[in-house]
file structure.cif (mmCIF, C-alpha atoms and all ligand atoms)
data_final
loop_
_atom_site.label_atom_id
_atom_site.label_comp_id
_atom_site.auth_asym_id
_atom_site.auth_seq_id
_atom_site.Cartn_x
_atom_site.Cartn_y
_atom_site.Cartn_z
CA MET D 1 0.00 0.00 0.00
CA ASN D 2 1.28 3.38 -1.06
CA ASP D 3 2.10 5.46 2.01
CA LEU D 4 0.61 8.61 0.47
CA ILE D 5 -2.68 6.81 -0.16
CA GLN D 6 -2.77 5.81 3.51
CA GLN D 7 -1.98 9.35 4.60
CA THR D 8 -4.69 10.78 2.34
CA ALA D 9 -7.24 8.35 3.77
CA LYS D 10 -6.25 9.31 7.33
CA TYR D 11 -6.63 13.02 6.59
CA LEU D 12 -10.03 12.40 4.99
CA VAL D 13 -11.42 10.30 7.82
CA ALA D 14 -10.21 12.79 10.46
CA ALA D 15 -11.48 15.84 8.55
CA ARG D 16 -14.48 17.91 9.48
CA HIS D 17 -15.08 19.60 6.13
CA VAL D 18 -13.57 18.30 2.87
CA VAL D 19 -13.78 20.13 -0.44
CA ALA D 20 -12.59 18.88 -3.85
CA LEU D 21 -11.33 21.09 -6.66
CA THR D 22 -11.39 19.37 -10.05
CA GLY D 23 -10.37 20.13 -13.61
CA ALA D 24 -10.13 18.60 -17.08
CA GLY D 25 -7.78 15.84 -15.88
CA ILE D 26 -10.54 14.09 -13.94
CA SER D 27 -12.70 13.70 -17.07
CA VAL D 28 -9.96 12.51 -19.43
CA GLU D 29 -10.60 8.92 -18.30
CA SER D 30 -14.24 9.43 -19.35
CA GLY D 31 -13.04 10.19 -22.88
CA ILE D 32 -13.46 13.96 -22.71
CA PRO D 33 -10.47 15.75 -24.22
CA PRO D 34 -9.37 18.93 -22.44
CA PHE D 35 -10.14 22.19 -24.25
CA ARG D 36 -6.61 23.42 -23.77
CA GLY D 37 -3.40 21.64 -24.66
CA GLU D 38 -2.53 18.85 -27.04
CA GLY D 39 -5.51 17.30 -28.81
CA GLY D 40 -7.77 19.91 -27.23
CA LEU D 41 -10.63 21.59 -29.01
CA TRP D 42 -8.87 24.96 -28.94
CA GLU D 43 -6.04 23.56 -31.06
CA LYS D 44 -8.55 22.96 -33.82
CA TYR D 45 -10.77 26.00 -33.36
CA ASP D 46 -9.94 29.53 -32.34
CA PRO D 47 -11.80 30.00 -29.03
CA MET D 48 -12.20 33.72 -29.71
CA GLU D 49 -14.07 32.85 -32.89
CA PHE D 50 -16.10 29.92 -31.56
CA ALA D 51 -16.37 30.29 -27.82
CA HIS D 52 -16.72 34.01 -27.30
CA ILE D 53 -20.14 35.27 -26.29
CA ASN D 54 -20.03 37.93 -29.01
CA SER D 55 -19.48 35.37 -31.77
CA PHE D 56 -22.25 33.23 -30.34
CA MET D 57 -24.75 36.08 -30.25
CA LYS D 58 -23.72 37.19 -33.74
CA ASN D 59 -23.89 33.73 -35.29
CA PRO D 60 -25.32 31.04 -33.01
CA GLU D 61 -25.68 28.64 -35.94
CA LYS D 62 -21.94 28.56 -36.59
CA VAL D 63 -21.06 27.95 -32.93
CA TRP D 64 -23.79 25.33 -32.55
CA LYS D 65 -22.50 23.43 -35.59
CA ILE D 66 -19.12 22.97 -33.91
CA PHE D 67 -20.83 21.83 -30.73
CA MET D 68 -22.96 19.35 -32.60
CA GLY D 69 -20.12 18.02 -34.68
CA ASP D 70 -17.36 17.66 -32.14
CA MET D 71 -18.74 17.98 -28.68
CA LYS D 72 -22.19 16.47 -28.71
CA LYS D 73 -21.04 12.89 -29.10
CA VAL D 74 -18.31 13.32 -26.52
CA LEU D 75 -20.22 15.24 -23.87
CA LEU D 76 -23.53 13.43 -24.20
CA ALA D 77 -22.03 9.93 -24.29
CA ALA D 78 -19.54 10.42 -21.47
CA LYS D 79 -20.08 8.56 -18.19
CA PRO D 80 -18.55 9.31 -14.80
CA ASN D 81 -15.33 7.34 -14.17
CA ASP D 82 -13.94 5.92 -10.92
CA ALA D 83 -12.57 9.32 -9.89
CA HIS D 84 -16.01 10.98 -10.14
CA LEU D 85 -17.65 7.97 -8.47
CA GLY D 86 -15.06 8.01 -5.69
CA LEU D 87 -15.85 11.66 -4.90
CA ALA D 88 -19.56 10.83 -4.86
CA ARG D 89 -18.86 7.96 -2.48
CA LEU D 90 -16.90 10.31 -0.20
CA GLU D 91 -19.97 12.53 -0.05
CA GLN D 92 -22.21 9.56 0.80
CA LEU D 93 -19.83 8.67 3.63
CA GLY D 94 -20.33 12.19 5.02
CA ILE D 95 -16.71 13.14 4.36
CA LEU D 96 -16.87 15.35 1.25
CA LYS D 97 -19.11 18.42 1.35
CA THR D 98 -18.60 20.23 -1.94
CA VAL D 99 -17.02 19.84 -5.36
CA ILE D 100 -15.69 22.94 -7.10
CA THR D 101 -15.11 22.22 -10.78
CA GLN D 102 -13.77 23.90 -13.87
CA ASN D 103 -15.45 21.28 -16.06
CA VAL D 104 -18.63 21.74 -18.07
CA ASP D 105 -19.49 18.07 -18.54
CA GLY D 106 -21.90 17.60 -15.61
CA LEU D 107 -20.21 14.28 -14.67
CA HIS D 108 -19.96 15.07 -10.95
CA GLN D 109 -23.73 15.45 -10.70
CA MET D 110 -24.19 12.33 -12.80
CA ALA D 111 -21.91 10.45 -10.38
CA GLY D 112 -24.09 11.55 -7.45
CA ASN D 113 -22.45 14.60 -5.89
CA THR D 114 -25.20 16.95 -4.76
CA ASP D 115 -23.26 20.16 -4.13
CA VAL D 116 -21.25 21.03 -7.24
CA ILE D 117 -19.99 24.56 -7.88
CA GLU D 118 -19.34 25.08 -11.60
CA PHE D 119 -17.09 28.01 -12.50
CA HIS D 120 -17.81 27.62 -16.17
CA GLY D 121 -21.41 26.45 -16.11
CA ASN D 122 -22.21 23.29 -18.03
CA PHE D 123 -23.41 21.74 -21.25
CA ALA D 124 -25.89 19.50 -19.49
CA TRP D 125 -28.56 22.22 -19.60
CA LEU D 126 -29.72 24.61 -22.31
CA ARG D 127 -31.54 27.90 -21.81
CA CYS D 128 -33.85 29.68 -24.25
CA LEU D 129 -32.63 33.16 -25.12
CA GLN D 130 -36.22 34.30 -25.57
CA CYS D 131 -38.35 32.82 -22.77
CA ASP D 132 -35.50 31.84 -20.41
CA LYS D 133 -36.80 28.28 -19.87
CA ARG D 134 -34.20 25.59 -19.11
CA PHE D 135 -34.09 22.13 -20.68
CA LYS D 136 -31.80 19.13 -20.24
CA THR D 137 -29.52 18.94 -23.28
CA VAL D 138 -30.26 15.22 -23.76
CA GLU D 139 -33.97 15.99 -24.01
CA VAL D 140 -33.61 18.60 -26.77
CA ASP D 141 -33.67 17.86 -30.50
CA LEU D 142 -30.12 18.67 -31.57
CA SER D 143 -30.50 17.64 -35.21
CA GLU D 144 -30.67 21.22 -36.46
CA ALA D 145 -28.36 24.12 -35.70
CA PRO D 146 -29.22 26.21 -33.78
CA PRO D 147 -31.65 24.13 -31.71
CA LYS D 148 -34.87 26.00 -30.91
CA CYS D 149 -37.27 26.15 -28.00
CA THR D 150 -41.01 25.49 -28.43
CA CYS D 151 -41.46 29.30 -28.27
CA GLY D 152 -39.22 29.70 -31.32
CA GLY D 153 -36.28 31.16 -29.39
CA ILE D 154 -32.72 29.94 -29.82
CA PHE D 155 -31.09 27.82 -27.13
CA ARG D 156 -27.75 28.58 -25.58
CA PRO D 157 -25.77 26.14 -23.47
CA GLU D 158 -25.54 27.06 -19.78
CA CYS D 159 -21.78 27.26 -20.02
CA VAL D 160 -19.81 30.43 -19.46
CA PHE D 161 -18.50 31.73 -22.78
CA PHE D 162 -15.28 33.69 -23.13
CA GLY D 163 -16.19 37.33 -22.54
CA GLU D 164 -18.74 36.37 -19.88
CA MET D 165 -18.38 36.63 -16.13
CA ILE D 166 -17.87 33.66 -13.85
CA PRO D 167 -21.24 33.43 -12.05
CA PRO D 168 -20.78 35.59 -8.91
CA ILE D 169 -22.53 32.99 -6.71
CA ALA D 170 -20.08 30.30 -7.87
CA LEU D 171 -17.20 32.58 -7.04
CA THR D 172 -18.45 33.62 -3.61
CA ARG D 173 -19.42 30.10 -2.58
CA SER D 174 -16.14 28.55 -3.69
CA GLN D 175 -14.22 31.18 -1.72
CA GLU D 176 -16.31 30.39 1.35
CA GLU D 177 -15.82 26.65 0.92
CA SER D 178 -12.09 27.01 0.31
CA SER D 179 -11.57 29.11 3.41
CA GLN D 180 -13.75 26.84 5.60
CA CYS D 181 -12.48 23.41 4.59
CA ASP D 182 -9.84 21.56 6.59
CA VAL D 183 -8.86 19.25 3.72
CA MET D 184 -8.88 20.14 0.03
CA LEU D 185 -8.43 17.46 -2.61
CA VAL D 186 -7.12 18.88 -5.88
CA VAL D 187 -7.91 16.35 -8.61
CA GLY D 188 -6.94 16.53 -12.27
CA THR D 189 -5.95 20.16 -12.42
CA SER D 190 -2.73 22.11 -12.27
CA ALA D 191 -4.90 25.03 -11.12
CA LEU D 192 -3.13 27.51 -13.36
CA VAL D 193 -6.22 29.38 -14.52
CA GLN D 194 -8.08 31.87 -12.34
CA PRO D 195 -10.31 31.79 -10.41
CA ALA D 196 -9.57 28.10 -9.72
CA ALA D 197 -5.90 28.86 -9.10
CA PHE D 198 -6.77 30.95 -6.07
CA MET D 199 -8.78 28.28 -4.23
CA PRO D 200 -5.95 25.95 -3.07
CA VAL D 201 -3.99 29.02 -1.95
CA LEU D 202 -6.97 30.28 0.02
CA ALA D 203 -7.47 26.82 1.57
CA GLN D 204 -3.83 26.49 2.55
CA GLN D 205 -3.69 30.02 4.00
CA SER D 206 -6.80 29.24 6.03
CA GLY D 207 -5.04 26.25 7.59
CA ALA D 208 -6.34 23.40 5.42
CA THR D 209 -4.27 20.46 4.22
CA VAL D 210 -4.17 20.52 0.43
CA ILE D 211 -3.64 17.13 -1.22
CA GLU D 212 -3.06 16.78 -4.94
CA ILE D 213 -4.02 13.87 -7.16
CA ASN D 214 -2.40 14.59 -10.50
CA PRO D 215 -0.35 12.69 -13.08
CA GLU D 216 2.69 14.86 -12.50
CA PRO D 217 3.92 17.77 -10.34
CA THR D 218 2.23 21.15 -10.81
CA PRO D 219 3.03 24.66 -9.59
CA LEU D 220 1.07 23.76 -6.42
CA THR D 221 3.32 20.82 -5.59
CA GLY D 222 5.53 21.34 -2.56
CA ARG D 223 4.45 24.95 -2.28
CA ILE D 224 0.72 24.86 -1.62
CA SER D 225 -0.03 21.16 -1.48
CA LYS D 226 1.17 19.01 1.41
CA PHE D 227 1.94 16.20 -1.04
CA LEU D 228 1.15 14.88 -4.51
CA VAL D 229 -0.33 11.43 -5.05
CA ALA D 230 0.89 10.89 -8.60
CA GLY D 231 -0.96 8.75 -11.09
CA LYS D 232 -4.31 8.15 -12.75
CA ALA D 233 -7.15 9.76 -10.82
CA GLY D 234 -9.58 6.83 -11.14
CA GLN D 235 -7.19 4.21 -9.84
CA ILE D 236 -5.87 6.40 -7.03
CA MET D 237 -9.40 7.26 -5.92
CA ASN D 238 -10.28 3.55 -5.77
CA GLU D 239 -7.28 2.88 -3.56
CA ILE D 240 -8.07 5.84 -1.31
CA LEU D 241 -11.69 4.70 -0.97
CA SER D 242 -10.73 1.20 0.02
CA GLU D 243 -8.34 2.57 2.65
CA VAL D 244 -11.02 5.00 3.91
CA ASN D 245 -13.47 2.12 4.20
CA SER D 246 -11.10 -0.03 6.22
CA LEU D 247 -10.28 2.91 8.52
CA ILE D 248 -14.00 3.47 9.14
CA GLN D 249 -14.51 -0.25 9.78
CA SER D 250 -11.66 -0.38 12.29
CA GLN D 251 -13.05 2.69 14.11
CA LYS D 252 -16.36 0.90 14.53
CA GLN D 253 -14.76 -2.09 16.21
ZN ZN L 301 -38.35 29.63 -25.31
#

call {"tool": "encode", "arguments": {"input": "structure.cif", "output": "structure tokens"}}
result
Amino acid sequence: MNDLIQQTAKYLVAARHVVALTGAGISVESGIPPFRGEGGLWEKYDPMEFAHINSFMKNPEKVWKIFMGDMKKVLLAAKPNDAHLGLARLEQLGILKTVITQNVDGLHQMAGNTDVIEFHGNFAWLRCLQCDKRFKTVEVDLSEAPPKCTCGGIFRPECVFFGEMIPPIALTRSQEESSQCDVMLVVGTSALVQPAAFMPVLAQQSGATVIEINPEPTPLTGRISKFLVAGKAGQIMNEILSEVNSLIQSQKQ
């Protein structure tokens, strides 16, 4: 048994308030490519042309066509992996309180986490630009771009486009959670992009133990995080969960 896995499990079981911060890395094992970096969508398409709110409002059809071609099959077919399921299990055990995520795939909710703060909104819901009604993306006819509401209005995804503000509630709540937690798990993110980058710093400054689960060291490693459990998020989460379970069992005896 990896010593760092044991340590992580001990911190989790002893904690009073655990928060997880997640990024693209946690969804890679679900087949969702990151937007940024190699193989990412933004290598193929200029985000300023396809993901800026102004380009969407000017030509929703063009932006929707990209979504339907490249993202629909990926985002709508993706299932939570062991890392998402492990975080959901930690919530069921009463250990994890909140997930703060930079992802737009809705996989944390699908896994069963009930308190998920999404900095960038999500693609799981669509909203009508005319009547403001919300619909689940899977329940909307996406065969024509742009998809339209029964009122005739055009749908937009509930994600945050470039040029739009991070929802203020998401920002305020994640700051509260980060400053109140006593353990923060950072999973699948190097936390380079604001506002996510600020949360581990805030947690650490408020006295929390920050533990990273990432494939390789990040700027947080050794500076903000207590230690890095290096490897694939799904497998590591399984090992942590089994150690957490045996700790809980031994406490009961
Ligand atoms: Zn409508």

call {"tool": "closest_atom_pairs", "arguments": {"input": "structure.cif", "of": "segment 97-123 of chain D", "to": "segment 190-208 of chain D", "cutoff": "9 Å", "atoms": "all atoms listed in the file", "output": "CSV"}}
result
residue,atom,partner,partner_atom,distance
D:Ile100,CA,D:Ala196,CA,8.4
D:Thr101,CA,D:Ala196,CA,8.1
D:Gln102,CA,D:Ala196,CA,7.2
D:Phe119,CA,D:Ala196,CA,8.0

call {"tool": "write_last_selection", "arguments": {"input": "structure.cif", "atoms": "C-alpha atoms", "output": "short mmCIF file (atom, residue, chain, number, x, y, z; two decimals), in the frame of the given file"}}
result
data_model
loop_
_atom_site.label_atom_id
_atom_site.label_comp_id
_atom_site.auth_asym_id
_atom_site.auth_seq_id
_atom_site.Cartn_x
_atom_site.Cartn_y
_atom_site.Cartn_z
CA ILE D 100 -15.69 22.94 -7.10
CA THR D 101 -15.11 22.22 -10.78
CA GLN D 102 -13.77 23.90 -13.87
CA PHE D 119 -17.09 28.01 -12.50
#

call {"tool": "closest_atom_pairs", "arguments": {"input": "structure.cif", "of": "chain D", "to": "ligand ZN 301 (chain L)", "cutoff": "10 Å", "atoms": "all atoms listed in the file", "output": "CSV"}}
result
residue,atom,partner,partner_atom,distance
D:Arg127,CA,L:ZN301,ZN,7.8
D:Cys128,CA,L:ZN301,ZN,4.6
D:Leu129,CA,L:ZN301,ZN,6.7
D:Gln130,CA,L:ZN301,ZN,5.1
D:Cys131,CA,L:ZN301,ZN,4.1
D:Asp132,CA,L:ZN301,ZN,6.1
D:Lys133,CA,L:ZN301,ZN,5.8
D:Arg134,CA,L:ZN301,ZN,8.5
D:Phe135,CA,L:ZN301,ZN,9.8
D:Lys148,CA,L:ZN301,ZN,7.5
D:Cys149,CA,L:ZN301,ZN,4.5
D:Thr150,CA,L:ZN301,ZN,5.8
D:Cys151,CA,L:ZN301,ZN,4.3
D:Gly152,CA,L:ZN301,ZN,6.1
D:Gly153,CA,L:ZN301,ZN,4.8
D:Ile154,CA,L:ZN301,ZN,7.2
D:Phe155,CA,L:ZN301,ZN,7.7

call {"tool": "closest_residue", "arguments": {"input": "structure.cif", "among": "D:Leu247, D:Leu228, D:Leu241, D:Leu142", "to": "Leu4 of chain D", "atoms": "only C-alpha atoms"}}
result
D:Leu228

call {"tool": "closest_residue", "arguments": {"input": "structure.cif", "among": "D:Phe227, D:Phe35, D:Trp64, D:Phe162", "to": "Leu126 of chain D", "atoms": "only C-alpha atoms"}}
result
D:Trp64

call {"tool": "closest_residue", "arguments": {"input": "structure.cif", "among": "D:Lys136, D:Glu177, D:Gly163, D:Ser242", "to": "Glu49 of chain D", "atoms": "all atoms listed in the file"}}
result
D:Gly163
